[in-house]
Amino acid sequence: MNWFSNKQKMEQNMYPEIEITDEDLREIVYFILMKFQSDGLHIQGTSSKRDLLGGYIERWFNKSAETIVFNKLLENKPYKVIPDYFLYGNDSDKNAPDLLGLEVKNKVIPFVKYRDGTWENISNMPRVEVKVVRKDQYLVGVREPQMIDDYYVFIESDLSEDYLARLFADEVFSEKYFKNLQTKDEFIASDKDSQIIPHNQYRKPEKIGTYRLLGIYKRDDFKNGTVLCGKKVSPLYFSNAENIEVRGDIIETIAVKNEVFSYSYAGNVYLPMHISGTDKIKVVKKNKTTFYLETPKQLKINGVPVNAGRVKISFKLFERSSNWEENVITKNMLPLVIKDSTQELISIFDKISRG
(Lines give C-alpha, C1' and ligand atoms only; values in the text may rest on other atoms or scores of the structure.)
Protein backbone atom coordinates (compact mmCIF):
# COMPACT_ATOMS: atom_id res chain seq x y z
CA MET A 1 0.00 0.00 0.00
CA ASN A 2 1.05 3.59 -0.61
CA TRP A 3 0.42 5.66 2.50
CA PHE A 4 0.43 9.46 2.39
CA SER A 5 2.19 11.93 4.68
CA ASN A 6 0.63 13.62 7.73
CA LYS A 7 0.65 16.92 5.83
CA GLN A 8 -1.36 15.41 2.99
CA LYS A 9 -3.81 13.86 5.46
CA MET A 10 -4.26 17.18 7.25
CA GLU A 11 -5.10 18.79 3.92
CA GLN A 12 -8.00 16.39 3.36
CA ASN A 13 -11.33 18.24 3.50
CA MET A 14 -14.18 17.22 5.77
CA TYR A 15 -17.12 17.75 3.46
CA PRO A 16 -20.31 19.18 5.00
CA GLU A 17 -23.59 17.35 5.34
CA ILE A 18 -26.22 18.18 2.72
CA GLU A 19 -29.85 18.23 3.81
CA ILE A 20 -32.19 16.22 1.60
CA THR A 21 -35.19 18.38 0.76
CA ASP A 22 -38.82 17.48 0.14
CA GLU A 23 -38.27 18.33 -3.54
CA ASP A 24 -35.34 15.87 -3.64
CA LEU A 25 -37.55 13.22 -2.05
CA ARG A 26 -40.45 13.74 -4.45
CA GLU A 27 -38.20 13.66 -7.51
CA ILE A 28 -36.41 10.41 -6.66
CA VAL A 29 -39.66 8.73 -5.60
CA TYR A 30 -41.23 9.71 -8.94
CA PHE A 31 -38.32 8.05 -10.75
CA ILE A 32 -38.64 4.96 -8.57
CA LEU A 33 -42.38 4.77 -9.29
CA MET A 34 -41.65 4.87 -13.03
CA LYS A 35 -39.04 2.13 -12.55
CA PHE A 36 -41.43 0.11 -10.40
CA GLN A 37 -44.09 0.37 -13.12
CA SER A 38 -41.73 -0.69 -15.90
CA ASP A 39 -39.96 -3.52 -14.05
CA GLY A 40 -41.48 -6.60 -15.68
CA LEU A 41 -39.57 -9.18 -13.65
CA HIS A 42 -40.42 -7.40 -10.45
CA ILE A 43 -44.15 -7.30 -11.22
CA GLN A 44 -44.28 -10.95 -12.31
CA GLY A 45 -42.13 -12.41 -9.56
CA THR A 46 -42.99 -10.70 -6.28
CA SER A 47 -46.20 -8.73 -6.72
CA SER A 48 -47.91 -10.62 -3.86
CA LYS A 49 -45.85 -8.85 -1.19
CA ARG A 50 -47.82 -6.10 0.48
CA ASP A 51 -44.71 -4.10 1.40
CA LEU A 52 -43.45 -4.33 -2.16
CA LEU A 53 -43.48 -0.64 -3.10
CA GLY A 54 -41.99 0.52 0.19
CA GLY A 55 -39.15 -1.97 -0.10
CA TYR A 56 -38.59 -0.98 -3.72
CA ILE A 57 -38.30 2.69 -2.76
CA GLU A 58 -35.83 1.82 0.02
CA ARG A 59 -33.72 -0.18 -2.44
CA TRP A 60 -33.42 2.62 -5.00
CA PHE A 61 -33.55 5.76 -2.86
CA ASN A 62 -29.75 6.15 -2.65
CA LYS A 63 -29.69 6.93 -6.37
CA SER A 64 -30.71 10.44 -5.35
CA ALA A 65 -27.23 10.94 -3.87
CA GLU A 66 -25.65 11.40 -7.31
CA THR A 67 -27.80 14.40 -8.15
CA ILE A 68 -27.93 15.95 -4.67
CA VAL A 69 -24.20 15.75 -3.91
CA PHE A 70 -22.95 16.80 -7.34
CA ASN A 71 -25.45 19.67 -7.54
CA LYS A 72 -23.97 20.96 -4.29
CA LEU A 73 -20.39 20.25 -5.30
CA LEU A 74 -20.82 22.07 -8.64
CA GLU A 75 -23.27 24.77 -7.52
CA ASN A 76 -20.96 27.59 -8.72
CA LYS A 77 -20.20 25.96 -12.05
CA PRO A 78 -21.91 26.78 -15.39
CA TYR A 79 -22.70 23.09 -15.91
CA LYS A 80 -24.19 20.13 -14.08
CA VAL A 81 -23.77 16.37 -14.25
CA ILE A 82 -26.33 14.11 -15.90
CA PRO A 83 -27.01 10.95 -13.82
CA ASP A 84 -28.40 7.76 -15.36
CA TYR A 85 -32.19 7.93 -15.19
CA PHE A 86 -32.82 5.58 -18.10
CA LEU A 87 -35.11 2.58 -17.67
CA TYR A 88 -33.81 -0.70 -19.10
CA GLY A 89 -35.25 -3.94 -20.42
CA ASN A 90 -34.16 -7.19 -18.83
CA ASP A 91 -31.75 -8.09 -21.64
CA SER A 92 -29.80 -4.83 -21.50
CA ASP A 93 -26.24 -4.99 -20.12
CA LYS A 94 -25.92 -3.65 -16.57
CA ASN A 95 -22.85 -1.55 -17.36
CA ALA A 96 -24.00 2.07 -17.25
CA PRO A 97 -21.77 4.46 -15.33
CA ASP A 98 -23.55 6.53 -12.70
CA LEU A 99 -22.75 9.80 -14.47
CA LEU A 100 -23.58 9.83 -18.19
CA GLY A 101 -22.20 13.27 -19.04
CA LEU A 102 -22.48 17.03 -18.52
CA GLU A 103 -25.12 19.58 -19.43
CA VAL A 104 -23.73 23.01 -20.34
CA LYS A 105 -26.24 25.74 -21.27
CA ASN A 106 -28.75 23.16 -22.53
CA LYS A 107 -26.02 21.36 -24.48
CA VAL A 108 -25.39 17.71 -23.63
CA ILE A 109 -21.80 16.41 -23.57
CA PRO A 110 -21.90 12.58 -23.28
CA PHE A 111 -19.26 10.51 -21.48
CA VAL A 112 -20.78 7.32 -22.93
CA LYS A 113 -23.14 6.21 -25.71
CA TYR A 114 -25.79 3.49 -25.59
CA ARG A 115 -25.67 1.11 -28.54
CA ASP A 116 -27.95 -1.92 -28.92
CA GLY A 117 -28.15 -3.06 -25.33
CA THR A 118 -24.85 -1.85 -23.92
CA TRP A 119 -22.99 1.34 -22.97
CA GLU A 120 -19.79 2.22 -24.81
CA ASN A 121 -17.11 4.56 -23.52
CA ILE A 122 -16.28 7.74 -25.41
CA SER A 123 -12.55 8.21 -25.73
CA ASN A 124 -10.92 10.51 -23.13
CA MET A 125 -14.13 10.85 -21.12
CA PRO A 126 -14.17 9.86 -17.42
CA ARG A 127 -16.13 6.94 -16.05
CA VAL A 128 -17.52 7.67 -12.60
CA GLU A 129 -19.02 5.20 -10.12
CA VAL A 130 -20.97 6.39 -7.05
CA LYS A 131 -21.07 4.30 -3.86
CA VAL A 132 -23.42 5.23 -1.01
CA VAL A 133 -22.73 3.89 2.49
CA ARG A 134 -24.80 4.32 5.65
CA LYS A 135 -23.49 6.46 8.48
CA ASP A 136 -23.47 3.41 10.74
CA GLN A 137 -21.67 1.29 8.14
CA TYR A 138 -18.10 0.65 9.26
CA LEU A 139 -16.58 -0.90 6.14
CA VAL A 140 -16.66 0.02 2.47
CA GLY A 141 -15.60 -2.01 -0.52
CA VAL A 142 -15.64 -2.39 -4.27
CA ARG A 143 -15.72 -5.78 -5.95
CA GLU A 144 -12.64 -6.42 -8.05
CA PRO A 145 -14.69 -7.08 -11.25
CA GLN A 146 -16.28 -3.63 -10.73
CA MET A 147 -12.91 -1.85 -10.67
CA ILE A 148 -13.31 -0.66 -14.25
CA ASP A 149 -14.16 3.00 -13.68
CA ASP A 150 -11.77 5.93 -13.46
CA TYR A 151 -13.17 7.56 -10.31
CA TYR A 152 -15.06 6.23 -7.30
CA VAL A 153 -17.30 8.61 -5.37
CA PHE A 154 -18.07 7.61 -1.77
CA ILE A 155 -21.09 9.25 -0.14
CA GLU A 156 -22.32 8.74 3.40
CA SER A 157 -26.08 8.65 4.00
CA ASP A 158 -27.85 9.40 7.28
CA LEU A 159 -31.58 8.96 6.71
CA SER A 160 -34.37 9.30 9.25
CA GLU A 161 -35.98 5.91 9.79
CA ASP A 162 -39.40 7.28 8.86
CA TYR A 163 -38.33 9.64 6.06
CA LEU A 164 -40.98 8.29 3.68
CA ALA A 165 -43.67 9.75 5.94
CA ARG A 166 -42.67 13.19 4.62
CA LEU A 167 -44.59 12.23 1.46
CA PHE A 168 -47.89 11.81 3.27
CA ALA A 169 -50.45 14.59 3.22
CA ASP A 170 -50.82 16.58 6.43
CA GLU A 171 -54.29 15.11 6.88
CA VAL A 172 -52.72 11.73 7.62
CA PHE A 173 -51.33 13.17 10.86
CA SER A 174 -54.66 14.56 12.05
CA GLU A 175 -55.30 14.38 15.79
CA LYS A 176 -58.73 12.86 15.10
CA TYR A 177 -57.13 9.58 14.02
CA PHE A 178 -55.09 9.51 17.21
CA LYS A 179 -58.27 9.94 19.22
CA ASN A 180 -60.21 7.39 17.16
CA LEU A 181 -57.53 4.75 17.75
CA GLN A 182 -57.33 5.10 21.51
CA THR A 183 -57.70 1.80 23.37
CA LYS A 184 -59.89 1.19 26.39
CA ASP A 185 -58.45 0.49 29.84
CA GLU A 186 -61.52 -1.59 30.63
CA PHE A 187 -60.05 -4.45 28.58
CA ILE A 188 -56.94 -4.75 30.75
CA ALA A 189 -57.26 -6.93 33.83
CA SER A 190 -53.57 -6.57 34.71
CA ASP A 191 -50.25 -5.84 33.00
CA LYS A 192 -47.56 -6.44 35.62
CA ASP A 193 -44.83 -6.79 32.97
CA SER A 194 -45.84 -3.55 31.19
CA GLN A 195 -46.42 -5.27 27.85
CA ILE A 196 -49.15 -2.86 26.76
CA ILE A 197 -47.45 0.09 25.10
CA PRO A 198 -49.30 3.39 25.46
CA HIS A 199 -50.18 5.31 22.28
CA ASN A 200 -48.18 8.41 21.46
CA GLN A 201 -49.38 10.86 18.85
CA TYR A 202 -47.30 10.53 15.69
CA ARG A 203 -45.88 13.73 14.23
CA LYS A 204 -44.76 14.25 10.67
CA PRO A 205 -40.96 13.88 10.64
CA GLU A 206 -39.10 17.18 10.45
CA LYS A 207 -36.18 15.89 8.38
CA ILE A 208 -35.54 13.36 5.66
CA GLY A 209 -31.83 13.02 6.30
CA THR A 210 -28.47 14.01 4.89
CA TYR A 211 -25.79 13.00 2.43
CA ARG A 212 -22.11 13.79 2.88
CA LEU A 213 -19.32 13.36 0.39
CA LEU A 214 -16.54 11.24 1.87
CA GLY A 215 -14.25 11.78 -1.09
CA ILE A 216 -13.60 10.95 -4.73
CA TYR A 217 -10.78 8.49 -5.41
CA LYS A 218 -8.99 7.36 -8.55
CA ARG A 219 -9.13 3.66 -9.32
CA ASP A 220 -5.42 2.91 -8.85
CA ASP A 221 -5.22 4.99 -5.65
CA PHE A 222 -8.21 3.11 -4.24
CA LYS A 223 -6.77 -0.27 -5.18
CA ASN A 224 -3.41 0.58 -3.61
CA GLY A 225 -4.99 1.90 -0.42
CA THR A 226 -7.34 -1.01 0.26
CA VAL A 227 -6.97 -4.65 1.22
CA LEU A 228 -7.86 -7.11 -1.53
CA CYS A 229 -9.86 -9.92 0.05
CA GLY A 230 -9.98 -13.11 -1.98
CA LYS A 231 -13.01 -15.31 -2.50
CA LYS A 232 -14.62 -16.21 0.85
CA VAL A 233 -11.80 -14.47 2.75
CA SER A 234 -13.13 -12.75 5.90
CA PRO A 235 -10.91 -9.91 7.14
CA LEU A 236 -10.73 -8.72 10.72
CA TYR A 237 -11.14 -5.06 11.58
CA PHE A 238 -10.72 -2.80 14.63
CA SER A 239 -13.52 -3.07 17.16
CA ASN A 240 -12.37 -1.36 20.39
CA ALA A 241 -9.40 -0.10 22.41
CA GLU A 242 -9.31 0.09 26.21
CA ASN A 243 -6.80 0.38 29.04
CA ILE A 244 -6.44 -2.88 30.92
CA GLU A 245 -4.07 -4.60 33.35
CA VAL A 246 -2.21 -7.50 31.78
CA ARG A 247 1.07 -9.20 32.66
CA GLY A 248 3.84 -10.10 30.28
CA ASP A 249 7.02 -8.84 28.69
CA ILE A 250 7.25 -6.98 25.38
CA ILE A 251 7.57 -9.58 22.62
CA GLU A 252 8.03 -7.35 19.57
CA THR A 253 7.98 -3.79 18.30
CA ILE A 254 6.07 -2.85 15.12
CA ALA A 255 6.46 0.43 13.23
CA VAL A 256 3.55 2.84 12.75
CA LYS A 257 4.01 4.44 9.32
CA ASN A 258 2.37 7.83 8.82
CA GLU A 259 -0.12 7.03 11.61
CA VAL A 260 -1.16 3.78 9.92
CA PHE A 261 -0.68 0.49 11.75
CA SER A 262 -1.00 -2.90 10.09
CA TYR A 263 -1.50 -5.84 12.44
CA SER A 264 -0.74 -9.43 11.47
CA TYR A 265 -1.21 -12.81 13.09
CA ALA A 266 -1.04 -16.37 11.78
CA GLY A 267 -1.84 -15.52 8.17
CA ASN A 268 -5.17 -13.81 8.91
CA VAL A 269 -6.20 -10.72 6.92
CA TYR A 270 -6.49 -7.49 8.95
CA LEU A 271 -7.63 -4.04 7.85
CA PRO A 272 -5.20 -1.26 8.86
CA MET A 273 -5.85 1.06 11.81
CA HIS A 274 -5.16 4.73 12.39
CA ILE A 275 -2.93 5.38 15.42
CA SER A 276 -1.79 8.89 16.37
CA GLY A 277 0.75 9.76 19.07
CA THR A 278 3.51 7.26 18.35
CA ASP A 279 5.70 5.86 15.58
CA LYS A 280 5.96 2.37 17.03
CA ILE A 281 3.87 -0.19 18.88
CA LYS A 282 5.31 -2.38 21.65
CA VAL A 283 3.38 -5.65 21.69
CA VAL A 284 2.94 -7.55 24.96
CA LYS A 285 0.92 -10.49 23.63
CA LYS A 286 -1.38 -11.21 20.74
CA ASN A 287 -3.80 -13.67 19.19
CA LYS A 288 -6.32 -13.67 16.35
CA THR A 289 -8.94 -11.36 17.83
CA THR A 290 -6.99 -9.29 20.38
CA PHE A 291 -3.57 -7.93 21.08
CA TYR A 292 -2.06 -6.01 23.96
CA LEU A 293 0.35 -3.13 23.67
CA GLU A 294 2.30 -0.93 26.05
CA THR A 295 2.52 2.83 25.57
CA PRO A 296 4.34 5.47 27.65
CA LYS A 297 1.84 8.18 26.64
CA GLN A 298 -1.71 8.80 25.48
CA LEU A 299 -2.71 7.50 22.05
CA LYS A 300 -5.74 7.73 19.82
CA ILE A 301 -6.57 4.45 18.05
CA ASN A 302 -9.16 4.72 15.29
CA GLY A 303 -10.53 7.73 17.12
CA VAL A 304 -10.64 6.01 20.54
CA PRO A 305 -8.42 7.74 23.17
CA VAL A 306 -6.38 5.55 25.54
CA ASN A 307 -4.07 6.51 28.40
CA ALA A 308 -0.44 5.56 29.03
CA GLY A 309 -0.01 1.97 30.18
CA ARG A 310 -1.23 -1.26 28.73
CA VAL A 311 -3.98 -1.33 26.14
CA LYS A 312 -6.18 -4.10 24.79
CA ILE A 313 -7.19 -3.83 21.13
CA SER A 314 -10.03 -6.03 19.90
CA PHE A 315 -10.97 -7.07 16.37
CA LYS A 316 -14.20 -8.21 14.76
CA LEU A 317 -14.55 -10.58 11.84
CA PHE A 318 -16.20 -9.28 8.68
CA GLU A 319 -17.98 -12.39 7.43
CA ARG A 320 -17.62 -12.87 3.68
CA SER A 321 -19.01 -15.95 1.93
CA SER A 322 -18.98 -14.30 -1.50
CA ASN A 323 -17.27 -15.86 -4.48
CA TRP A 324 -15.61 -12.66 -5.66
CA GLU A 325 -12.55 -10.64 -4.76
CA GLU A 326 -13.26 -7.33 -3.05
CA ASN A 327 -11.17 -4.26 -2.23
CA VAL A 328 -12.06 -3.40 1.38
CA ILE A 329 -11.23 -0.58 3.80
CA THR A 330 -12.72 0.84 6.98
CA LYS A 331 -14.68 4.00 6.24
CA ASN A 332 -12.70 6.27 8.56
CA MET A 333 -9.45 5.29 6.82
CA LEU A 334 -10.57 6.45 3.36
CA PRO A 335 -9.37 10.09 3.64
CA LEU A 336 -6.35 9.12 5.75
CA VAL A 337 -4.65 6.71 3.38
CA ILE A 338 -6.08 7.44 -0.08
CA LYS A 339 -5.54 10.69 -1.93
CA ASP A 340 -8.76 12.61 -2.49
CA SER A 341 -9.10 13.45 -6.20
CA THR A 342 -12.30 15.50 -5.99
CA GLN A 343 -10.68 18.67 -7.30
CA GLU A 344 -8.95 16.71 -10.05
CA LEU A 345 -12.28 15.35 -11.32
CA ILE A 346 -13.87 18.81 -11.15
CA SER A 347 -10.96 20.18 -13.18
CA ILE A 348 -11.62 17.50 -15.81
CA PHE A 349 -15.30 18.50 -15.86
CA ASP A 350 -14.26 22.16 -16.26
CA LYS A 351 -12.10 21.30 -19.27
CA ILE A 352 -14.80 19.15 -20.87
CA SER A 353 -17.44 21.85 -20.36
CA ARG A 354 -15.28 24.39 -22.21
CA GLY A 355 -14.99 22.07 -25.17
# chains A, B, ... in the order shown; residues from 1 in each chain; ligands from 1
>>> closest_atom_pairs(of="stretch 91-136 of chain A", to="stretch 153-177 of chain A", cutoff="8 Å", atoms="only C-alpha atoms", output="CSV")
residue,atom,partner,partner_atom,distance
A:Val128,CA,A:Val153,CA,7.3
A:Glu129,CA,A:Val153,CA,6.1
A:Val130,CA,A:Val153,CA,4.6
A:Lys131,CA,A:Phe154,CA,4.9
A:Val132,CA,A:Ile155,CA,4.7
A:Val133,CA,A:Glu156,CA,4.9
A:Arg134,CA,A:Ser157,CA,4.8
A:Lys135,CA,A:Asp158,CA,5.4
>>> closest_atom_pairs(of="stretch 124-175 of chain A", to="stretch 105-113 of chain A", cutoff="12 Å", atoms="only C-alpha atoms", output="Markdown table")
| residue | atom | partner | partner_atom | distance |
| --- | --- | --- | --- | --- |
| A:Asn124 | CA | A:Phe111 | CA | 8.5 |
| A:Met125 | CA | A:Phe111 | CA | 5.1 |
| A:Pro126 | CA | A:Phe111 | CA | 6.5 |
| A:Arg127 | CA | A:Phe111 | CA | 7.2 |
| A:Val128 | CA | A:Phe111 | CA | 9.5 |
| A:Asp149 | CA | A:Phe111 | CA | 12.0 |
| A:Asp150 | CA | A:Phe111 | CA | 11.9 |
>>> closest_residue(among="A:Asp340, A:Asp22, A:Glu27, A:Asp249", to="A:Leu214", atoms="only C-alpha atoms")
A:Asp340
>>> residues_around(residues="stretch 258-265 of chain A", least_positions_apart="6", cutoff="10 Å", atoms="only C-alpha atoms", output="short mmCIF file (atom, residue, chain, number, x, y, z; two decimals) with N, CA and C atoms, in the first residue's frame")
data_model
loop_
_atom_site.label_atom_id
_atom_site.label_comp_id
_atom_site.auth_asym_id
_atom_site.auth_seq_id
_atom_site.Cartn_x
_atom_site.Cartn_y
_atom_site.Cartn_z
N TRP A 3 1.01 4.78 1.50
CA TRP A 3 0.42 5.66 2.50
C TRP A 3 0.90 7.08 2.28
N PHE A 4 0.10 8.07 2.62
CA PHE A 4 0.43 9.46 2.39
C PHE A 4 0.89 10.13 3.68
N SER A 5 1.60 11.25 3.54
CA SER A 5 2.19 11.93 4.68
C SER A 5 1.13 12.59 5.56
N ASN A 6 1.54 12.93 6.82
CA ASN A 6 0.63 13.62 7.73
C ASN A 6 0.14 14.92 7.12
N LYS A 7 1.02 15.64 6.43
CA LYS A 7 0.65 16.92 5.83
C LYS A 7 -0.47 16.70 4.82
N LYS A 9 -2.60 14.25 4.76
CA LYS A 9 -3.81 13.86 5.46
C LYS A 9 -4.48 15.06 6.09
N LEU A 236 -10.42 -9.22 9.39
CA LEU A 236 -10.73 -8.72 10.72
C LEU A 236 -10.47 -7.23 10.75
N TYR A 237 -11.28 -6.50 11.53
CA TYR A 237 -11.14 -5.06 11.58
C TYR A 237 -11.26 -4.57 13.02
N PHE A 238 -10.73 -3.38 13.28
CA PHE A 238 -10.72 -2.80 14.63
C PHE A 238 -12.12 -2.72 15.21
N LEU A 271 -7.56 -5.36 8.44
CA LEU A 271 -7.63 -4.04 7.85
C LEU A 271 -6.83 -3.08 8.71
N PRO A 272 -6.06 -2.17 8.11
CA PRO A 272 -5.20 -1.26 8.86
C PRO A 272 -5.98 -0.36 9.81
N MET A 273 -5.27 0.15 10.83
CA MET A 273 -5.85 1.06 11.81
C MET A 273 -5.11 2.40 11.76
N HIS A 274 -5.78 3.42 12.26
CA HIS A 274 -5.16 4.73 12.39
C HIS A 274 -4.74 4.93 13.84
N ILE A 275 -3.45 5.17 14.07
CA ILE A 275 -2.93 5.38 15.42
C ILE A 275 -2.12 6.67 15.43
N SER A 276 -2.53 7.63 16.24
CA SER A 276 -1.79 8.89 16.37
C SER A 276 -1.15 8.97 17.74
N GLY A 277 0.06 9.57 17.80
CA GLY A 277 0.75 9.76 19.07
C GLY A 277 1.99 8.93 19.23
N THR A 278 2.31 8.08 18.26
CA THR A 278 3.51 7.26 18.35
C THR A 278 3.93 6.79 16.97
N ASP A 279 5.22 6.41 16.85
CA ASP A 279 5.70 5.86 15.58
C ASP A 279 6.04 4.39 15.70
N LYS A 280 5.72 3.80 16.87
CA LYS A 280 5.96 2.37 17.03
C LYS A 280 5.03 1.80 18.11
N ILE A 281 4.73 0.52 17.96
CA ILE A 281 3.87 -0.19 18.88
C ILE A 281 4.67 -1.30 19.54
N LYS A 286 -0.40 -11.35 21.82
CA LYS A 286 -1.38 -11.21 20.74
C LYS A 286 -1.97 -12.56 20.36
N ASN A 287 -3.16 -12.50 19.78
CA ASN A 287 -3.80 -13.67 19.19
C ASN A 287 -4.65 -13.19 18.02
N LYS A 288 -5.57 -14.02 17.56
CA LYS A 288 -6.32 -13.67 16.35
C LYS A 288 -7.22 -12.47 16.54
N THR A 289 -7.92 -12.39 17.66
CA THR A 289 -8.94 -11.36 17.83
C THR A 289 -8.57 -10.24 18.80
N THR A 290 -7.43 -10.35 19.47
CA THR A 290 -6.99 -9.29 20.38
C THR A 290 -5.47 -9.21 20.40
N PHE A 291 -4.98 -8.02 20.70
CA PHE A 291 -3.57 -7.93 21.08
C PHE A 291 -3.40 -6.84 22.10
N LYS A 300 -4.38 7.78 20.37
CA LYS A 300 -5.74 7.73 19.82
C LYS A 300 -5.73 6.65 18.74
N ILE A 301 -6.56 5.62 18.94
CA ILE A 301 -6.57 4.45 18.05
C ILE A 301 -7.92 4.39 17.36
N ASN A 302 -7.92 4.63 16.06
CA ASN A 302 -9.16 4.72 15.29
C ASN A 302 -10.18 5.63 15.98
N MET A 333 -10.80 5.28 7.38
CA MET A 333 -9.45 5.29 6.82
C MET A 333 -9.39 5.88 5.41
N LEU A 336 -7.65 9.13 5.09
CA LEU A 336 -6.35 9.12 5.75
C LEU A 336 -5.27 8.45 4.92
N VAL A 337 -5.66 7.49 4.10
CA VAL A 337 -4.65 6.71 3.38
C VAL A 337 -4.79 6.76 1.86
#
>>> closest_residue(among="A:Met14, A:Asn323, A:Asp93, A:Gly101", to="A:Asp116", atoms="only C-alpha atoms")
A:Asp93
>>> closest_residue(among="A:Lys35, A:Lys204, A:Lys63, A:Arg310", to="A:Glu242", atoms="only C-alpha atoms")
A:Arg310
